[in-house]
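> Below you will find the structure I want to go over with you.
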Amino acid sequence: MAGTGTLINTAAVVGGGIAGNFAGRFFSRAQQDAISMTCGISVLFIAIAGAMEGMLQIISTESDGGAALGSGRSMFIVLCLVAGTVIGELLRIEDGFERFGAWLKVKTGNAKDAGFVDAFVTASLTVCVGAMAIVGAIQDGVTGDCSTLAVKSVLDFIIIAVMTSSMGKGCAFSAIPIFLFEGSITLLASLIAPFMTESAIRNMSLIGSILIFCVGVNLVWGKKVRVANMLPAVLIAVLAAFLPA
(Lines give C-alpha, C1' and ligand atoms only; values in the text may rest on other atoms or scores of the structure.)
Protein backbone atom coordinates (compact mmCIF):
# COMPACT_ATOMS: atom_id res chain seq x y z
CA MET A 1 0.00 0.00 0.00
CA ALA A 2 1.34 3.43 -0.94
CA GLY A 3 2.42 5.39 2.13
CA THR A 4 3.49 2.36 4.16
CA GLY A 5 7.15 3.35 3.88
CA THR A 6 6.46 6.81 5.27
CA LEU A 7 4.55 5.35 8.22
CA ILE A 8 7.37 2.88 8.93
CA ASN A 9 10.01 5.61 8.77
CA THR A 10 7.99 7.93 11.00
CA ALA A 11 7.45 5.15 13.54
CA ALA A 12 11.18 4.33 13.46
CA VAL A 13 12.10 7.93 14.25
CA VAL A 14 9.59 8.07 17.11
CA GLY A 15 10.86 4.72 18.41
CA GLY A 16 14.46 5.89 18.17
CA GLY A 17 13.56 9.03 20.07
CA ILE A 18 11.86 7.05 22.85
CA ALA A 19 14.77 4.62 23.09
CA GLY A 20 17.32 7.43 23.11
CA ASN A 21 15.42 9.44 25.72
CA PHE A 22 15.28 6.41 28.00
CA ALA A 23 18.94 5.54 27.46
CA GLY A 24 20.07 9.13 27.92
CA ARG A 25 19.02 9.07 31.56
CA PHE A 26 21.83 6.65 32.31
CA PHE A 27 24.58 8.93 30.92
CA SER A 28 26.25 11.88 32.60
CA ARG A 29 26.49 15.24 30.83
CA ALA A 30 30.09 14.53 29.86
CA GLN A 31 29.13 11.13 28.46
CA GLN A 32 26.25 12.65 26.49
CA ASP A 33 28.65 15.20 24.99
CA ALA A 34 31.02 12.40 24.02
CA ILE A 35 28.18 10.49 22.35
CA SER A 36 27.12 13.63 20.48
CA MET A 37 30.68 14.15 19.27
CA THR A 38 30.91 10.52 18.16
CA CYS A 39 27.59 10.82 16.32
CA GLY A 40 28.87 13.93 14.56
CA ILE A 41 32.07 12.22 13.47
CA SER A 42 30.05 9.26 12.16
CA VAL A 43 27.80 11.60 10.17
CA LEU A 44 30.90 13.31 8.73
CA PHE A 45 32.35 10.06 7.43
CA ILE A 46 29.02 8.85 6.05
CA ALA A 47 28.68 12.16 4.20
CA ILE A 48 32.28 12.07 2.92
CA ALA A 49 31.71 8.57 1.54
CA GLY A 50 28.57 9.73 -0.29
CA ALA A 51 30.23 12.85 -1.67
CA MET A 52 33.34 11.00 -2.84
CA GLU A 53 31.17 8.48 -4.64
CA GLY A 54 29.75 11.34 -6.67
CA MET A 55 33.06 13.12 -7.27
CA LEU A 56 35.59 10.37 -7.84
CA GLN A 57 35.87 8.51 -11.12
CA ILE A 58 38.22 6.01 -12.71
CA ILE A 59 40.18 7.54 -15.56
CA SER A 60 41.98 5.36 -18.09
CA THR A 61 45.60 6.29 -18.76
CA GLU A 62 46.46 5.79 -22.42
CA SER A 63 50.21 5.86 -21.81
CA ASP A 64 50.37 2.56 -19.94
CA GLY A 65 46.91 1.17 -20.56
CA GLY A 66 46.13 1.37 -16.85
CA ALA A 67 43.68 3.42 -14.81
CA ALA A 68 43.87 6.17 -12.23
CA LEU A 69 41.47 7.67 -9.73
CA GLY A 70 40.45 11.25 -10.46
CA SER A 71 38.01 13.75 -9.05
CA GLY A 72 35.78 16.34 -10.63
CA ARG A 73 32.49 18.25 -10.48
CA SER A 74 34.02 20.90 -8.19
CA MET A 75 32.49 23.79 -10.12
CA PHE A 76 29.09 22.04 -10.16
CA ILE A 77 29.23 21.75 -6.36
CA VAL A 78 30.22 25.38 -5.89
CA LEU A 79 27.49 26.70 -8.18
CA CYS A 80 24.74 24.55 -6.63
CA LEU A 81 25.72 25.37 -3.06
CA VAL A 82 26.18 29.10 -3.61
CA ALA A 83 22.97 29.52 -5.62
CA GLY A 84 21.01 27.31 -3.21
CA THR A 85 22.31 29.17 -0.17
CA VAL A 86 21.43 32.56 -1.66
CA ILE A 87 17.87 31.36 -2.26
CA GLY A 88 17.66 29.78 1.19
CA GLU A 89 18.94 32.92 2.91
CA LEU A 90 16.42 35.06 1.07
CA LEU A 91 13.60 32.67 2.02
CA ARG A 92 14.99 32.33 5.58
CA ILE A 93 14.30 28.61 5.64
CA GLU A 94 16.37 28.06 8.79
CA ASP A 95 14.35 30.67 10.65
CA GLY A 96 11.18 28.83 9.64
CA PHE A 97 12.55 25.56 11.03
CA GLU A 98 13.50 27.29 14.26
CA ARG A 99 10.13 29.00 14.64
CA PHE A 100 8.34 25.69 14.14
CA GLY A 101 10.71 24.06 16.63
CA ALA A 102 10.05 26.81 19.16
CA TRP A 103 6.29 26.37 18.68
CA LEU A 104 6.64 22.61 19.21
CA LYS A 105 8.78 23.22 22.26
CA VAL A 106 5.97 25.15 23.95
CA LYS A 107 3.07 23.02 22.72
CA THR A 108 4.72 19.77 23.86
CA GLY A 109 5.48 21.06 27.34
CA ASN A 110 9.23 21.35 26.83
CA ALA A 111 9.51 25.11 27.28
CA LYS A 112 12.34 24.68 29.81
CA ASP A 113 14.43 22.53 27.47
CA ALA A 114 17.06 24.98 26.19
CA GLY A 115 18.39 22.56 23.59
CA PHE A 116 15.03 21.46 22.16
CA VAL A 117 15.02 23.64 19.03
CA ASP A 118 18.62 22.87 18.08
CA ALA A 119 18.03 19.14 18.58
CA PHE A 120 14.84 19.27 16.49
CA VAL A 121 16.42 21.17 13.58
CA THR A 122 19.61 19.08 13.54
CA ALA A 123 17.76 15.75 13.67
CA SER A 124 15.20 16.85 11.08
CA LEU A 125 17.90 17.78 8.59
CA THR A 126 19.78 14.55 9.25
CA VAL A 127 16.82 12.29 8.45
CA CYS A 128 15.25 14.36 5.66
CA VAL A 129 18.28 15.31 3.56
CA GLY A 130 19.45 12.60 1.21
CA ALA A 131 18.46 10.59 -1.81
CA MET A 132 17.00 7.65 0.13
CA ALA A 133 14.14 9.77 1.49
CA ILE A 134 13.13 11.12 -1.93
CA VAL A 135 13.76 8.04 -4.07
CA GLY A 136 12.24 5.74 -1.46
CA ALA A 137 9.10 7.87 -1.18
CA ILE A 138 8.70 7.91 -4.97
CA GLN A 139 9.06 4.12 -5.14
CA ASP A 140 6.49 3.82 -2.37
CA GLY A 141 4.05 6.09 -4.19
CA VAL A 142 4.44 4.69 -7.71
CA THR A 143 4.88 0.95 -7.10
CA GLY A 144 3.99 0.48 -3.44
CA ASP A 145 7.54 -0.78 -2.81
CA CYS A 146 8.59 0.47 0.62
CA SER A 147 11.86 -1.50 0.83
CA THR A 148 14.13 1.57 0.45
CA LEU A 149 12.31 3.46 3.20
CA ALA A 150 12.32 0.32 5.36
CA VAL A 151 16.12 0.17 5.15
CA LYS A 152 16.30 3.92 5.84
CA SER A 153 14.04 3.40 8.85
CA VAL A 154 16.57 1.07 10.48
CA LEU A 155 19.34 3.62 9.97
CA ASP A 156 17.16 6.49 11.22
CA PHE A 157 16.16 4.54 14.33
CA ILE A 158 19.81 4.13 15.31
CA ILE A 159 20.77 7.72 14.41
CA ILE A 160 17.84 9.31 16.26
CA ALA A 161 18.34 7.06 19.30
CA VAL A 162 21.97 8.15 19.57
CA MET A 163 21.19 11.81 18.90
CA THR A 164 18.32 11.87 21.41
CA SER A 165 20.45 10.30 24.14
CA SER A 166 22.96 13.15 23.79
CA MET A 167 20.97 16.15 22.49
CA GLY A 168 17.56 15.64 24.05
CA LYS A 169 13.98 14.76 23.17
CA GLY A 170 13.71 17.45 20.50
CA CYS A 171 15.29 14.92 18.13
CA ALA A 172 12.26 12.64 18.41
CA PHE A 173 9.99 15.34 16.97
CA SER A 174 11.88 15.14 13.68
CA ALA A 175 9.23 12.49 13.00
CA ILE A 176 6.90 15.34 12.03
CA PRO A 177 9.04 16.74 9.17
CA ILE A 178 9.88 13.25 7.91
CA PHE A 179 6.18 12.34 7.83
CA LEU A 180 5.24 15.54 5.98
CA PHE A 181 8.24 15.40 3.62
CA GLU A 182 8.07 11.75 2.60
CA GLY A 183 4.28 11.69 2.70
CA SER A 184 4.05 14.65 0.32
CA ILE A 185 6.53 13.08 -2.10
CA THR A 186 4.60 9.78 -2.00
CA LEU A 187 1.35 11.58 -2.81
CA LEU A 188 3.01 13.46 -5.69
CA ALA A 189 5.16 10.52 -6.78
CA SER A 190 3.58 10.12 -10.22
CA LEU A 191 4.40 13.77 -10.99
CA ILE A 192 7.92 13.73 -9.53
CA ALA A 193 9.08 10.34 -10.86
CA PRO A 194 9.78 11.49 -14.45
CA PHE A 195 12.27 14.04 -13.13
CA MET A 196 14.22 11.48 -11.09
CA THR A 197 16.51 10.33 -13.87
CA GLU A 198 19.78 8.56 -13.11
CA SER A 199 21.66 11.83 -13.60
CA ALA A 200 19.27 13.76 -11.35
CA ILE A 201 19.58 11.19 -8.56
CA ARG A 202 23.36 11.24 -8.86
CA ASN A 203 23.40 15.04 -8.57
CA MET A 204 20.97 14.98 -5.67
CA SER A 205 23.03 12.36 -3.81
CA LEU A 206 26.21 14.39 -4.20
CA ILE A 207 24.79 17.68 -2.95
CA GLY A 208 22.71 15.92 -0.27
CA SER A 209 25.85 14.23 1.07
CA ILE A 210 27.60 17.61 1.34
CA LEU A 211 24.65 19.02 3.30
CA ILE A 212 24.79 16.02 5.62
CA PHE A 213 28.51 16.75 6.06
CA CYS A 214 27.53 20.26 7.20
CA VAL A 215 25.14 18.72 9.74
CA GLY A 216 28.10 16.70 11.05
CA VAL A 217 30.18 19.88 11.30
CA ASN A 218 27.49 21.43 13.49
CA LEU A 219 27.37 18.34 15.69
CA VAL A 220 31.13 18.29 16.24
CA TRP A 221 31.98 21.99 16.45
CA GLY A 222 28.70 23.57 17.46
CA LYS A 223 26.35 25.37 15.10
CA LYS A 224 28.59 26.83 12.42
CA VAL A 225 26.51 26.34 9.27
CA ARG A 226 22.89 27.29 8.59
CA VAL A 227 22.23 24.02 6.79
CA ALA A 228 18.50 24.50 6.27
CA ASN A 229 19.22 27.59 4.18
CA MET A 230 21.31 25.40 1.86
CA LEU A 231 18.42 23.02 1.07
CA PRO A 232 17.48 24.70 -2.27
CA ALA A 233 20.86 23.47 -3.54
CA VAL A 234 19.38 19.97 -3.76
CA LEU A 235 16.58 21.19 -6.06
CA ILE A 236 19.09 23.10 -8.18
CA ALA A 237 21.20 19.95 -8.49
CA VAL A 238 18.20 18.00 -9.78
CA LEU A 239 17.26 20.72 -12.28
CA ALA A 240 20.89 20.89 -13.47
CA ALA A 241 20.55 17.33 -14.75
CA PHE A 242 18.24 18.61 -17.49
CA LEU A 243 20.53 21.36 -18.74
CA PRO A 244 22.16 20.72 -22.12
CA ALA A 245 25.69 19.37 -21.77
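Identifiers for the C-alpha coordinates are assigned positionally: chains receive A, B, ... in sequence, residues are indexed from 1 per chain, and ligands are indexed from 1 in the order shown.
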Out of stretch 80-140 of chain A, which residues get helix (DSSP H, G or I) from DSSP, as number ranges by chain?
A: 80-91, 93-107, 116-128, 131-140
> Give me a file of those residues, with N, CA and C atoms, as a short mmCIF file (atom, residue, chain, number, x, y, z; two decimals), in the first residue's frame.

data_model
loop_
_atom_site.label_atom_id
_atom_site.label_comp_id
_atom_site.auth_asym_id
_atom_site.auth_seq_id
_atom_site.Cartn_x
_atom_site.Cartn_y
_atom_site.Cartn_z
N CYS A 80 25.98 25.01 -7.28
CA CYS A 80 24.74 24.55 -6.63
C CYS A 80 24.65 25.07 -5.20
N LEU A 81 25.74 24.97 -4.46
CA LEU A 81 25.72 25.37 -3.06
C LEU A 81 25.55 26.88 -2.90
N VAL A 82 26.28 27.64 -3.71
CA VAL A 82 26.18 29.10 -3.61
C VAL A 82 24.78 29.58 -4.01
N ALA A 83 24.29 29.10 -5.17
CA ALA A 83 22.97 29.52 -5.62
C ALA A 83 21.88 29.07 -4.64
N GLY A 84 21.99 27.83 -4.16
CA GLY A 84 21.01 27.31 -3.21
C GLY A 84 21.02 28.08 -1.91
N THR A 85 22.20 28.43 -1.43
CA THR A 85 22.31 29.17 -0.17
C THR A 85 21.74 30.58 -0.31
N VAL A 86 21.98 31.22 -1.43
CA VAL A 86 21.43 32.56 -1.66
C VAL A 86 19.90 32.51 -1.60
N ILE A 87 19.33 31.51 -2.27
CA ILE A 87 17.87 31.36 -2.26
C ILE A 87 17.37 31.07 -0.85
N GLY A 88 18.06 30.15 -0.16
CA GLY A 88 17.66 29.78 1.19
C GLY A 88 17.75 30.93 2.17
N GLU A 89 18.79 31.75 2.03
CA GLU A 89 18.94 32.92 2.91
C GLU A 89 17.84 33.93 2.66
N LEU A 90 17.49 34.11 1.39
CA LEU A 90 16.42 35.06 1.07
C LEU A 90 15.07 34.58 1.60
N LEU A 91 14.87 33.25 1.52
CA LEU A 91 13.60 32.67 2.02
C LEU A 91 13.62 32.46 3.52
N ILE A 93 14.81 29.95 5.35
CA ILE A 93 14.30 28.61 5.64
C ILE A 93 14.68 28.17 7.06
N GLU A 94 15.91 28.45 7.45
CA GLU A 94 16.37 28.06 8.79
C GLU A 94 15.52 28.70 9.86
N ASP A 95 15.19 29.97 9.68
CA ASP A 95 14.35 30.67 10.65
C ASP A 95 12.98 30.00 10.76
N GLY A 96 12.46 29.53 9.62
CA GLY A 96 11.18 28.83 9.64
C GLY A 96 11.25 27.55 10.44
N PHE A 97 12.34 26.78 10.24
CA PHE A 97 12.55 25.56 11.03
C PHE A 97 12.59 25.89 12.51
N GLU A 98 13.33 26.93 12.85
CA GLU A 98 13.50 27.29 14.26
C GLU A 98 12.20 27.78 14.88
N ARG A 99 11.42 28.54 14.11
CA ARG A 99 10.13 29.00 14.64
C ARG A 99 9.19 27.82 14.88
N PHE A 100 9.18 26.87 13.96
CA PHE A 100 8.34 25.69 14.14
C PHE A 100 8.83 24.89 15.34
N GLY A 101 10.15 24.77 15.48
CA GLY A 101 10.71 24.06 16.63
C GLY A 101 10.35 24.75 17.94
N ALA A 102 10.40 26.06 17.95
CA ALA A 102 10.05 26.81 19.16
C ALA A 102 8.57 26.63 19.50
N TRP A 103 7.72 26.60 18.46
CA TRP A 103 6.29 26.37 18.68
C TRP A 103 6.05 24.97 19.26
N LEU A 104 6.74 23.98 18.70
CA LEU A 104 6.64 22.61 19.21
C LEU A 104 7.12 22.53 20.66
N LYS A 105 8.20 23.22 20.92
CA LYS A 105 8.78 23.22 22.26
C LYS A 105 7.76 23.63 23.32
N VAL A 106 6.98 24.66 23.01
CA VAL A 106 5.97 25.15 23.95
C VAL A 106 4.77 24.22 23.99
N LYS A 107 4.29 23.83 22.81
CA LYS A 107 3.07 23.02 22.72
C LYS A 107 3.25 21.62 23.31
N PHE A 116 16.09 22.12 22.94
CA PHE A 116 15.03 21.46 22.16
C PHE A 116 15.06 21.86 20.69
N VAL A 117 15.10 23.16 20.42
CA VAL A 117 15.02 23.64 19.03
C VAL A 117 16.22 23.17 18.22
N ASP A 118 17.42 23.30 18.79
CA ASP A 118 18.62 22.87 18.08
C ASP A 118 18.58 21.37 17.79
N ALA A 119 18.12 20.60 18.76
CA ALA A 119 18.03 19.14 18.58
C ALA A 119 17.02 18.81 17.48
N PHE A 120 15.89 19.51 17.49
CA PHE A 120 14.84 19.27 16.49
C PHE A 120 15.34 19.59 15.08
N VAL A 121 15.96 20.75 14.91
CA VAL A 121 16.42 21.17 13.58
C VAL A 121 17.52 20.24 13.08
N THR A 122 18.49 19.93 13.94
CA THR A 122 19.61 19.08 13.54
C THR A 122 19.13 17.69 13.14
N ALA A 123 18.27 17.09 13.96
CA ALA A 123 17.76 15.75 13.67
C ALA A 123 16.89 15.74 12.42
N SER A 124 16.08 16.77 12.25
CA SER A 124 15.20 16.85 11.08
C SER A 124 16.01 16.89 9.79
N LEU A 125 17.06 17.69 9.77
CA LEU A 125 17.90 17.78 8.59
C LEU A 125 18.62 16.46 8.33
N THR A 126 19.04 15.81 9.40
CA THR A 126 19.78 14.55 9.25
C THR A 126 18.93 13.48 8.59
N VAL A 127 17.66 13.37 8.98
CA VAL A 127 16.82 12.29 8.45
C VAL A 127 16.11 12.66 7.14
N CYS A 128 15.98 13.95 6.86
CA CYS A 128 15.25 14.36 5.66
C CYS A 128 16.15 14.55 4.45
N ALA A 131 19.19 11.20 -0.70
CA ALA A 131 18.46 10.59 -1.81
C ALA A 131 17.50 9.50 -1.36
N MET A 132 17.85 8.77 -0.29
CA MET A 132 17.00 7.65 0.13
C MET A 132 15.59 8.12 0.46
N ALA A 133 15.46 9.27 1.10
CA ALA A 133 14.14 9.77 1.49
C ALA A 133 13.29 10.07 0.25
N ILE A 134 13.89 10.72 -0.74
CA ILE A 134 13.13 11.12 -1.93
C ILE A 134 12.86 9.92 -2.85
N VAL A 135 13.92 9.19 -3.17
CA VAL A 135 13.76 8.04 -4.07
C VAL A 135 12.86 6.98 -3.44
N GLY A 136 13.05 6.74 -2.15
CA GLY A 136 12.24 5.74 -1.46
C GLY A 136 10.77 6.12 -1.43
N ALA A 137 10.49 7.41 -1.21
CA ALA A 137 9.10 7.87 -1.18
C ALA A 137 8.45 7.77 -2.56
N ILE A 138 9.23 8.04 -3.61
CA ILE A 138 8.70 7.91 -4.97
C ILE A 138 8.38 6.46 -5.28
N GLN A 139 9.30 5.55 -4.93
CA GLN A 139 9.06 4.12 -5.14
C GLN A 139 7.80 3.68 -4.40
N ASP A 140 7.65 4.17 -3.19
CA ASP A 140 6.49 3.82 -2.37
C ASP A 140 5.20 4.31 -3.02
#
> Identify, on the basis of only C-alpha atoms, every residue whose closest approach to A:Ser74 does not exceed 8 Å; exclude the query and any residue fewer than 3 positions from it along the same chain; express the result as a PyMOL selection string.
chain A and resi 55+77-78
> May I ask which of the residues A:Arg226, A:Arg25, A:Arg202, A:Lys152 is the closest one to A:Val13, counting only C-alpha atoms?
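The shortest atom-to-atom distance to A:Val13 comes from A:Lys152.
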> Which residues are close to A:Thr38, i.e. within 12 Å by only C-alpha atoms, leaving aside same-chain residues fewer than 2 positions away? Reply as a VMD selection string.
chain A and resid 31 to 36 40 to 45 159 162 to 163 166 216 to 217 219 to 221
> Could the residues in this selection be saved with all heavy atoms as a short mmCIF file (atom, residue, chain, number, x, y, z; two decimals), in the first residue's frame?

data_model
loop_
_atom_site.label_atom_id
_atom_site.label_comp_id
_atom_site.auth_asym_id
_atom_site.auth_seq_id
_atom_site.Cartn_x
_atom_site.Cartn_y
_atom_site.Cartn_z
N GLN A 31 29.31 12.30 29.33
CA GLN A 31 29.13 11.13 28.46
C GLN A 31 28.19 11.45 27.30
O GLN A 31 28.41 11.00 26.17
CB GLN A 31 28.57 9.96 29.28
CG GLN A 31 29.57 9.37 30.27
CD GLN A 31 28.95 8.38 31.22
OE1 GLN A 31 27.77 8.48 31.57
NE2 GLN A 31 29.74 7.40 31.65
N GLN A 32 27.17 12.24 27.55
CA GLN A 32 26.25 12.65 26.49
C GLN A 32 26.98 13.50 25.44
O GLN A 32 26.75 13.35 24.24
CB GLN A 32 25.08 13.43 27.09
CG GLN A 32 24.13 12.58 27.91
CD GLN A 32 23.03 13.39 28.56
OE1 GLN A 32 23.01 14.63 28.46
NE2 GLN A 32 22.12 12.74 29.24
N ASP A 33 27.87 14.38 25.92
CA ASP A 33 28.65 15.20 24.99
C ASP A 33 29.56 14.33 24.14
O ASP A 33 29.75 14.58 22.94
CB ASP A 33 29.49 16.23 25.76
CG ASP A 33 28.64 17.32 26.40
OD1 ASP A 33 27.48 17.49 25.96
OD2 ASP A 33 29.12 17.98 27.33
N ALA A 34 30.14 13.31 24.76
CA ALA A 34 31.02 12.40 24.02
C ALA A 34 30.24 11.63 22.96
O ALA A 34 30.72 11.42 21.83
CB ALA A 34 31.71 11.43 24.99
N ILE A 35 29.03 11.21 23.31
CA ILE A 35 28.18 10.49 22.35
C ILE A 35 27.80 11.41 21.19
O ILE A 35 27.80 11.00 20.02
CB ILE A 35 26.92 9.96 23.05
CG1 ILE A 35 27.29 8.86 24.06
CG2 ILE A 35 25.92 9.41 22.03
CD1 ILE A 35 26.14 8.42 24.94
N SER A 36 27.47 12.67 21.51
CA SER A 36 27.12 13.63 20.48
C SER A 36 28.29 13.86 19.53
O SER A 36 28.12 13.92 18.30
CB SER A 36 26.70 14.96 21.11
OG SER A 36 26.35 15.91 20.12
N GLY A 40 28.47 12.95 15.56
CA GLY A 40 28.87 13.93 14.56
C GLY A 40 29.97 13.42 13.66
O GLY A 40 29.93 13.60 12.44
N ILE A 41 30.96 12.77 14.25
CA ILE A 41 32.07 12.22 13.47
C ILE A 41 31.55 11.13 12.52
O ILE A 41 31.97 11.05 11.36
CB ILE A 41 33.16 11.66 14.40
CG1 ILE A 41 33.83 12.82 15.17
CG2 ILE A 41 34.21 10.87 13.62
CD1 ILE A 41 34.77 12.39 16.25
N SER A 42 30.63 10.31 13.01
CA SER A 42 30.05 9.26 12.16
C SER A 42 29.32 9.87 10.97
O SER A 42 29.45 9.40 9.84
CB SER A 42 29.09 8.40 12.98
OG SER A 42 29.75 7.78 14.07
N VAL A 43 28.54 10.92 11.24
CA VAL A 43 27.80 11.60 10.17
C VAL A 43 28.77 12.19 9.15
O VAL A 43 28.54 12.12 7.94
CB VAL A 43 26.90 12.71 10.76
CG1 VAL A 43 26.32 13.58 9.65
CG2 VAL A 43 25.76 12.09 11.56
N LEU A 44 29.89 12.74 9.63
CA LEU A 44 30.90 13.31 8.73
C LEU A 44 31.43 12.27 7.76
O LEU A 44 31.53 12.51 6.55
CB LEU A 44 32.05 13.91 9.54
CG LEU A 44 31.79 15.24 10.25
CD1 LEU A 44 32.99 15.62 11.11
CD2 LEU A 44 31.51 16.35 9.24
N PHE A 45 31.78 11.10 8.29
CA PHE A 45 32.35 10.06 7.43
C PHE A 45 31.32 9.46 6.48
O PHE A 45 31.65 9.12 5.33
CB PHE A 45 33.01 8.97 8.28
CG PHE A 45 34.42 9.31 8.67
CD1 PHE A 45 34.70 9.92 9.88
CD2 PHE A 45 35.47 9.04 7.80
CE1 PHE A 45 35.99 10.27 10.23
CE2 PHE A 45 36.78 9.37 8.14
CZ PHE A 45 37.04 9.98 9.36
N ILE A 159 20.27 6.34 14.37
CA ILE A 159 20.77 7.72 14.41
C ILE A 159 20.00 8.57 15.41
O ILE A 159 20.59 9.28 16.23
CB ILE A 159 20.69 8.34 13.00
CG1 ILE A 159 21.70 7.68 12.06
CG2 ILE A 159 20.94 9.85 13.07
CD1 ILE A 159 21.55 8.09 10.62
N VAL A 162 20.69 7.62 19.10
CA VAL A 162 21.97 8.15 19.57
C VAL A 162 21.89 9.66 19.77
O VAL A 162 22.35 10.19 20.79
CB VAL A 162 23.10 7.80 18.57
CG1 VAL A 162 24.40 8.49 18.97
CG2 VAL A 162 23.31 6.30 18.49
N MET A 163 21.29 10.36 18.80
CA MET A 163 21.19 11.81 18.90
C MET A 163 20.31 12.24 20.08
O MET A 163 20.63 13.20 20.79
CB MET A 163 20.65 12.39 17.60
CG MET A 163 21.59 12.25 16.42
SD MET A 163 20.94 12.96 14.88
CE MET A 163 21.05 14.71 15.23
N SER A 166 21.96 12.12 23.51
CA SER A 166 22.96 13.15 23.79
C SER A 166 22.42 14.57 23.66
O SER A 166 22.85 15.46 24.40
CB SER A 166 24.16 12.99 22.85
OG SER A 166 23.76 13.10 21.50
N GLY A 216 27.06 17.28 10.21
CA GLY A 216 28.10 16.70 11.05
C GLY A 216 29.02 17.76 11.63
O GLY A 216 29.44 17.67 12.79
N VAL A 217 29.34 18.77 10.82
CA VAL A 217 30.18 19.88 11.30
C VAL A 217 29.52 20.56 12.49
O VAL A 217 30.17 20.87 13.51
CB VAL A 217 30.43 20.90 10.16
CG1 VAL A 217 31.05 22.19 10.71
CG2 VAL A 217 31.34 20.30 9.10
N LEU A 219 27.39 19.25 14.55
CA LEU A 219 27.37 18.34 15.69
C LEU A 219 28.71 18.32 16.41
O LEU A 219 28.78 18.25 17.64
CB LEU A 219 27.01 16.92 15.23
CG LEU A 219 25.55 16.65 14.88
CD1 LEU A 219 25.40 15.28 14.23
CD2 LEU A 219 24.68 16.73 16.13
N VAL A 220 29.79 18.39 15.65
CA VAL A 220 31.13 18.29 16.24
C VAL A 220 31.62 19.62 16.80
O VAL A 220 32.16 19.68 17.91
CB VAL A 220 32.14 17.76 15.20
CG1 VAL A 220 33.55 17.75 15.78
CG2 VAL A 220 31.76 16.35 14.75
N TRP A 221 31.42 20.70 16.05
CA TRP A 221 31.98 21.99 16.45
C TRP A 221 30.96 23.01 16.89
O TRP A 221 31.27 24.20 17.03
CB TRP A 221 32.80 22.56 15.28
CG TRP A 221 34.06 21.79 15.06
CD1 TRP A 221 35.21 21.83 15.81
CD2 TRP A 221 34.32 20.86 13.99
NE1 TRP A 221 36.15 20.98 15.28
CE2 TRP A 221 35.64 20.36 14.18
CE3 TRP A 221 33.57 20.38 12.92
CZ2 TRP A 221 36.21 19.44 13.33
CZ3 TRP A 221 34.14 19.45 12.07
CH2 TRP A 221 35.45 18.99 12.27
#
> For A:Phe27, which residue among A:Ser147, A:Gln57, A:Thr164, A:Ser190 is the nearest when counting only C-alpha atoms?
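Result for the nearest residue to A:Phe27: A:Thr164.
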